[in-house]
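Below is one structure, written out as structure tokens, with a few remarks after it.
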Amino acid sequence: MQSTTEDALFFSLETTYQGSFINGTDQPHAFNFPAIPTGWLNVHRLLEMRMILCGVGFVANILVLLLQLKLKTFKKTQFVFAFTLTATDVIVCPATFMQTYYYRLTILSVPLIYHAINFATSVMSCFVIIAVAFDRYLALCACPLKYKLVVNLRRYTIVIIAMCVFSAGYGYYFSWYFSLDHPSIGLRTFIVSTSLIGITIIIYIFVFFSFARSHEKLSLPKAMKNVRIRQTRRLMLAFGLILGTNIICNLPQPFFGLYIFFQPIGQGYQIYKHIIISNWLYNLQCFNYTLNPIIYWWQVLLRDFSLTLRGSSRRLKTSPSSLPIQEVSTITSKDNLINPTYRQDRLD
């Protein structure tokens, strides 16, 4: 929900002040604020901070996305939603960067596509976090024996497409058909954000209690049971942390928007301290783009990547080219038995 209240903020500045009240000029879009504190209490500095956070988040998510492609985790049903979350953050980081870049240049006519992407990805992130819990519930509680029959990549691809269509429709609808400076925008942001996060929390609590009840009663072969439980612990811990950081980073802004909604006319984003607080809270939301890939890499991908590296080094150590020449000459071919120097010639 990031761009919504920010648009209202800048539109209200343009409508109320028209530039001349702020900087003593007749330029309607010059938000230089020369008479106010500088440093981290300056709007431009906070916008620059947001652009840096988006850049760092984009690089971090690209690296994690490439690592997932290398490990081919997107081909595994238990990891496909995590891959989707990383791709979502890869999309939203440059959109938020460009949106902030327009504001930094004091250009208020930001293309609506950036607003739509911000709206859509905020909803999509919650959908993905819920989908991970639902997948683990199927694997351990609902149908552990039939999990591989019920769940496959084709069906999960259909689910992901449906989530993308709904999220894109939400972003398009509220970007193109609703005024971005409407007074009720803070209330709508609060309702949508808190509802999605609240539903996600309830689902995770339910799934955790279901795991606790069905852990001992899980009717699976021992080896398969251990693998499922290990995968579930890693994924649920990772996405539980991601959910926690989403709550910490994303909920303060909707509550602040609700506070602004109930302020008297002229006492909302026309007060400079409200502008500063709002921008700090937006930067906290952007910080979450950087935390998501770090948490997922640390909790899930790091182990798989280290196992891959160890497997590669083990294969290198046991490959015929790494064995002593005398050993290789006895196992490679019939020519080695006839001519012991054959392998040495081939290696040279």
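As shown in the structure tokens, the chain order sets the letters A, B, ...; within each chain, residues go from 1, and ligands are also counted from 1 in the order they appear.
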
Each residue of range 190-245 of chain A lying at most 10 Å from range 63-87 of chain A should get a row with its shortest atom-to-atom pair and the distance in Å to one decimal, counting only C-alpha atoms; could you produce that, ordered by chain and increasing number, as JSON lines?
```
{"residue": "A:Arg228", "atom": "CA", "partner": "A:Gln78", "partner_atom": "CA", "distance": 9.7}
{"residue": "A:Gln231", "atom": "CA", "partner": "A:Gln78", "partner_atom": "CA", "distance": 8.0}
{"residue": "A:Thr232", "atom": "CA", "partner": "A:Gln78", "partner_atom": "CA", "distance": 8.5}
{"residue": "A:Leu235", "atom": "CA", "partner": "A:Phe79", "partner_atom": "CA", "distance": 8.2}
{"residue": "A:Ala238", "atom": "CA", "partner": "A:Ala82", "partner_atom": "CA", "distance": 9.8}
{"residue": "A:Phe239", "atom": "CA", "partner": "A:Ala82", "partner_atom": "CA", "distance": 8.7}
```

Dump as a PDB file, in the first residue's frame, selection limited to all heavy atoms:
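Wrote it out as part_7.pdb, contents follow:
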```pdb
ATOM      1  N   ARG A 228       9.961 -34.331   5.226  1.00  0.00           N
ATOM      2  CA  ARG A 228       8.844 -33.383   5.218  1.00  0.00           C
ATOM      3  C   ARG A 228       8.938 -32.428   6.416  1.00  0.00           C
ATOM      4  O   ARG A 228       8.728 -31.221   6.275  1.00  0.00           O
ATOM      5  CB  ARG A 228       7.520 -34.145   5.288  1.00  0.00           C
ATOM      6  CG  ARG A 228       7.159 -34.876   4.032  1.00  0.00           C
ATOM      7  CD  ARG A 228       6.244 -34.041   3.137  1.00  0.00           C
ATOM      8  NE  ARG A 228       5.932 -34.817   1.946  1.00  0.00           N
ATOM      9  CZ  ARG A 228       4.846 -35.547   1.803  1.00  0.00           C
ATOM     10  NH1 ARG A 228       3.953 -35.600   2.790  1.00  0.00           N
ATOM     11  NH2 ARG A 228       4.625 -36.218   0.691  1.00  0.00           N
ATOM     12  N   GLN A 231      11.815 -29.946   5.887  1.00  0.00           N
ATOM     13  CA  GLN A 231      11.441 -28.914   4.913  1.00  0.00           C
ATOM     14  C   GLN A 231      10.452 -27.925   5.514  1.00  0.00           C
ATOM     15  O   GLN A 231      10.572 -26.708   5.327  1.00  0.00           O
ATOM     16  CB  GLN A 231      10.825 -29.568   3.680  1.00  0.00           C
ATOM     17  CG  GLN A 231      11.803 -30.340   2.817  1.00  0.00           C
ATOM     18  CD  GLN A 231      11.087 -31.073   1.690  1.00  0.00           C
ATOM     19  OE1 GLN A 231       9.863 -31.222   1.702  1.00  0.00           O
ATOM     20  NE2 GLN A 231      11.847 -31.555   0.724  1.00  0.00           N
ATOM     21  N   THR A 232       9.470 -28.453   6.249  1.00  0.00           N
ATOM     22  CA  THR A 232       8.443 -27.589   6.820  1.00  0.00           C
ATOM     23  C   THR A 232       9.025 -26.651   7.860  1.00  0.00           C
ATOM     24  O   THR A 232       8.675 -25.465   7.909  1.00  0.00           O
ATOM     25  CB  THR A 232       7.328 -28.445   7.447  1.00  0.00           C
ATOM     26  OG1 THR A 232       6.757 -29.270   6.432  1.00  0.00           O
ATOM     27  CG2 THR A 232       6.248 -27.576   8.067  1.00  0.00           C
ATOM     28  N   LEU A 235      10.989 -23.866   5.988  1.00  0.00           N
ATOM     29  CA  LEU A 235      10.131 -22.927   5.276  1.00  0.00           C
ATOM     30  C   LEU A 235       9.270 -22.104   6.227  1.00  0.00           C
ATOM     31  O   LEU A 235       9.137 -20.884   6.065  1.00  0.00           O
ATOM     32  CB  LEU A 235       9.239 -23.680   4.294  1.00  0.00           C
ATOM     33  CG  LEU A 235       9.901 -24.101   2.984  1.00  0.00           C
ATOM     34  CD1 LEU A 235       9.003 -25.063   2.213  1.00  0.00           C
ATOM     35  CD2 LEU A 235      10.208 -22.884   2.130  1.00  0.00           C
ATOM     36  N   ALA A 238      11.405 -19.563   8.044  1.00  0.00           N
ATOM     37  CA  ALA A 238      11.778 -18.468   7.141  1.00  0.00           C
ATOM     38  C   ALA A 238      10.592 -17.544   6.894  1.00  0.00           C
ATOM     39  O   ALA A 238      10.705 -16.310   7.016  1.00  0.00           O
ATOM     40  CB  ALA A 238      12.308 -19.030   5.822  1.00  0.00           C
ATOM     41  N   PHE A 239       9.432 -18.112   6.563  1.00  0.00           N
ATOM     42  CA  PHE A 239       8.299 -17.264   6.235  1.00  0.00           C
ATOM     43  C   PHE A 239       7.611 -16.718   7.478  1.00  0.00           C
ATOM     44  O   PHE A 239       6.915 -15.704   7.404  1.00  0.00           O
ATOM     45  CB  PHE A 239       7.320 -18.019   5.341  1.00  0.00           C
ATOM     46  CG  PHE A 239       7.720 -17.980   3.903  1.00  0.00           C
ATOM     47  CD1 PHE A 239       8.628 -18.894   3.401  1.00  0.00           C
ATOM     48  CD2 PHE A 239       7.233 -17.000   3.061  1.00  0.00           C
ATOM     49  CE1 PHE A 239       9.032 -18.854   2.078  1.00  0.00           C
ATOM     50  CE2 PHE A 239       7.624 -16.946   1.735  1.00  0.00           C
ATOM     51  CZ  PHE A 239       8.523 -17.870   1.245  1.00  0.00           C
TER      52      PHE A 239
END
```

- Message: Can you tell me which residues surround range 190-194 of chain A at a distance of at most 8 Å, considering only C-alpha atoms, apart from same-chain residues fewer than 3 positions away, and format the answer as a PyMOL selection string?
- Response: chain A and resi 1+186-187+197-198+251+254-255+257-258

Residues within 9 Å of Ile113 in chain A, only C-alpha atoms, excluding chain neighbours under 4 positions, as a compact mmCIF listing (two decimals) with C-alpha atoms, in the first residue's frame:
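Resulting contents of out.txt:
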```
# COMPACT_ATOMS: atom_id res chain seq x y z
CA ALA A 95 8.87 0.59 -9.55
CA ILE A 117 2.68 -2.12 -9.33
CA ASN A 118 2.99 -0.96 -5.72
CA GLY A 171 -3.65 -2.42 -8.56
CA TYR A 172 -5.19 -1.35 -11.86
CA SER A 175 -4.83 3.37 -9.69
```

- Item | Atomic separation - CA of Leu53 in chain A relative to CA of Met98 in chain A, Å |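 Taking CA of Met98 in chain A and CA of Leu53 in chain A, their separation equals 12.4 Å.
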
- Which is closer to Thr157 in chain A than all the others in A:Ile265, A:Ala131, A:Val92, A:Met49, using only C-alpha atoms? A:Ala131

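Take the candidates A:Phe119, A:Ile185, A:Leu140, A:Leu153 and check each one against Ser167 in chain A using only C-alpha atoms; the shortest distance goes to A:Phe119.
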
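For the pair CA of Thr290 in chain A and CA of Cys93 in chain A, the separation is 9.4 Å.
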
- Message: Would you pick out the contacts of range 271-281 of chain A at 7 Å or less, using only C-alpha atoms, so that residues sharing its chain but fewer than 6 positions from it are not included, and give the list as a VMD selection string?
- Response: chain A and resid 41 43 46 252 to 253

- Determine, counting only C-alpha atoms, which protein, DNA and RNA residues have an atom within 10 Å of an atom of Met224 in chain A; residues of the same chain fewer than 6 positions away are not included. Present the result as a ChimeraX atom specification. /A:144-145,230

Can those selected residues be exported to a file as a PDB file, in the first residue's frame so that it contains C-alpha atoms?
```pdb
ATOM      1  CA  PRO A 144       0.417 -36.217   3.758  1.00  0.00           C
ATOM      2  CA  LEU A 145       0.108 -39.558   1.941  1.00  0.00           C
ATOM      3  CA  ARG A 230      12.735 -30.741   7.980  1.00  0.00           C
TER       4      ARG A 230
END
```

- Query: Please, which residues of range 54-285 of chain A, numbered as in this document, come out helix (DSSP H, G or I) from DSSP, as a VMD selection string?
  - Reply: chain A and resid 54 to 71 73 to 75 80 to 104 112 to 142 147 to 150 153 to 176 185 to 214 222 to 250 252 to 261 272 to 285

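Take the candidates A:Ala168, A:Pro94, A:Thr88, A:Leu241 and check each one against Ala120 in chain A using only C-alpha atoms; the shortest distance goes to A:Ala168.
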
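CA of Phe211 in chain A lies 27.5 Å from CA of Cys249 in chain A.
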
- For Arg104 in chain A, please output as JSON, numbers by chain all residues within 9 Å (counting only C-alpha atoms; exclusion window: fewer than 3 positions along the same chain). {"A": [43, 44, 47, 48, 99, 100, 101, 107]}

- Exercise: Phe287 in chain A partners within 12 Å, only C-alpha atoms, chain neighbours under 4 positions left out, as a ChimeraX atom specification: /A:49-58,60,89,93,96,245-246,248-250,280-283,291-294

- Nearest to Thr189 in chain A, chosen from A:Ile205, A:Asn42, A:Gly169, A:Ile260, with only C-alpha atoms counted in the distances: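 When distances to Thr189 in chain A are compared using only C-alpha atoms, the smallest one comes from A:Ile260.
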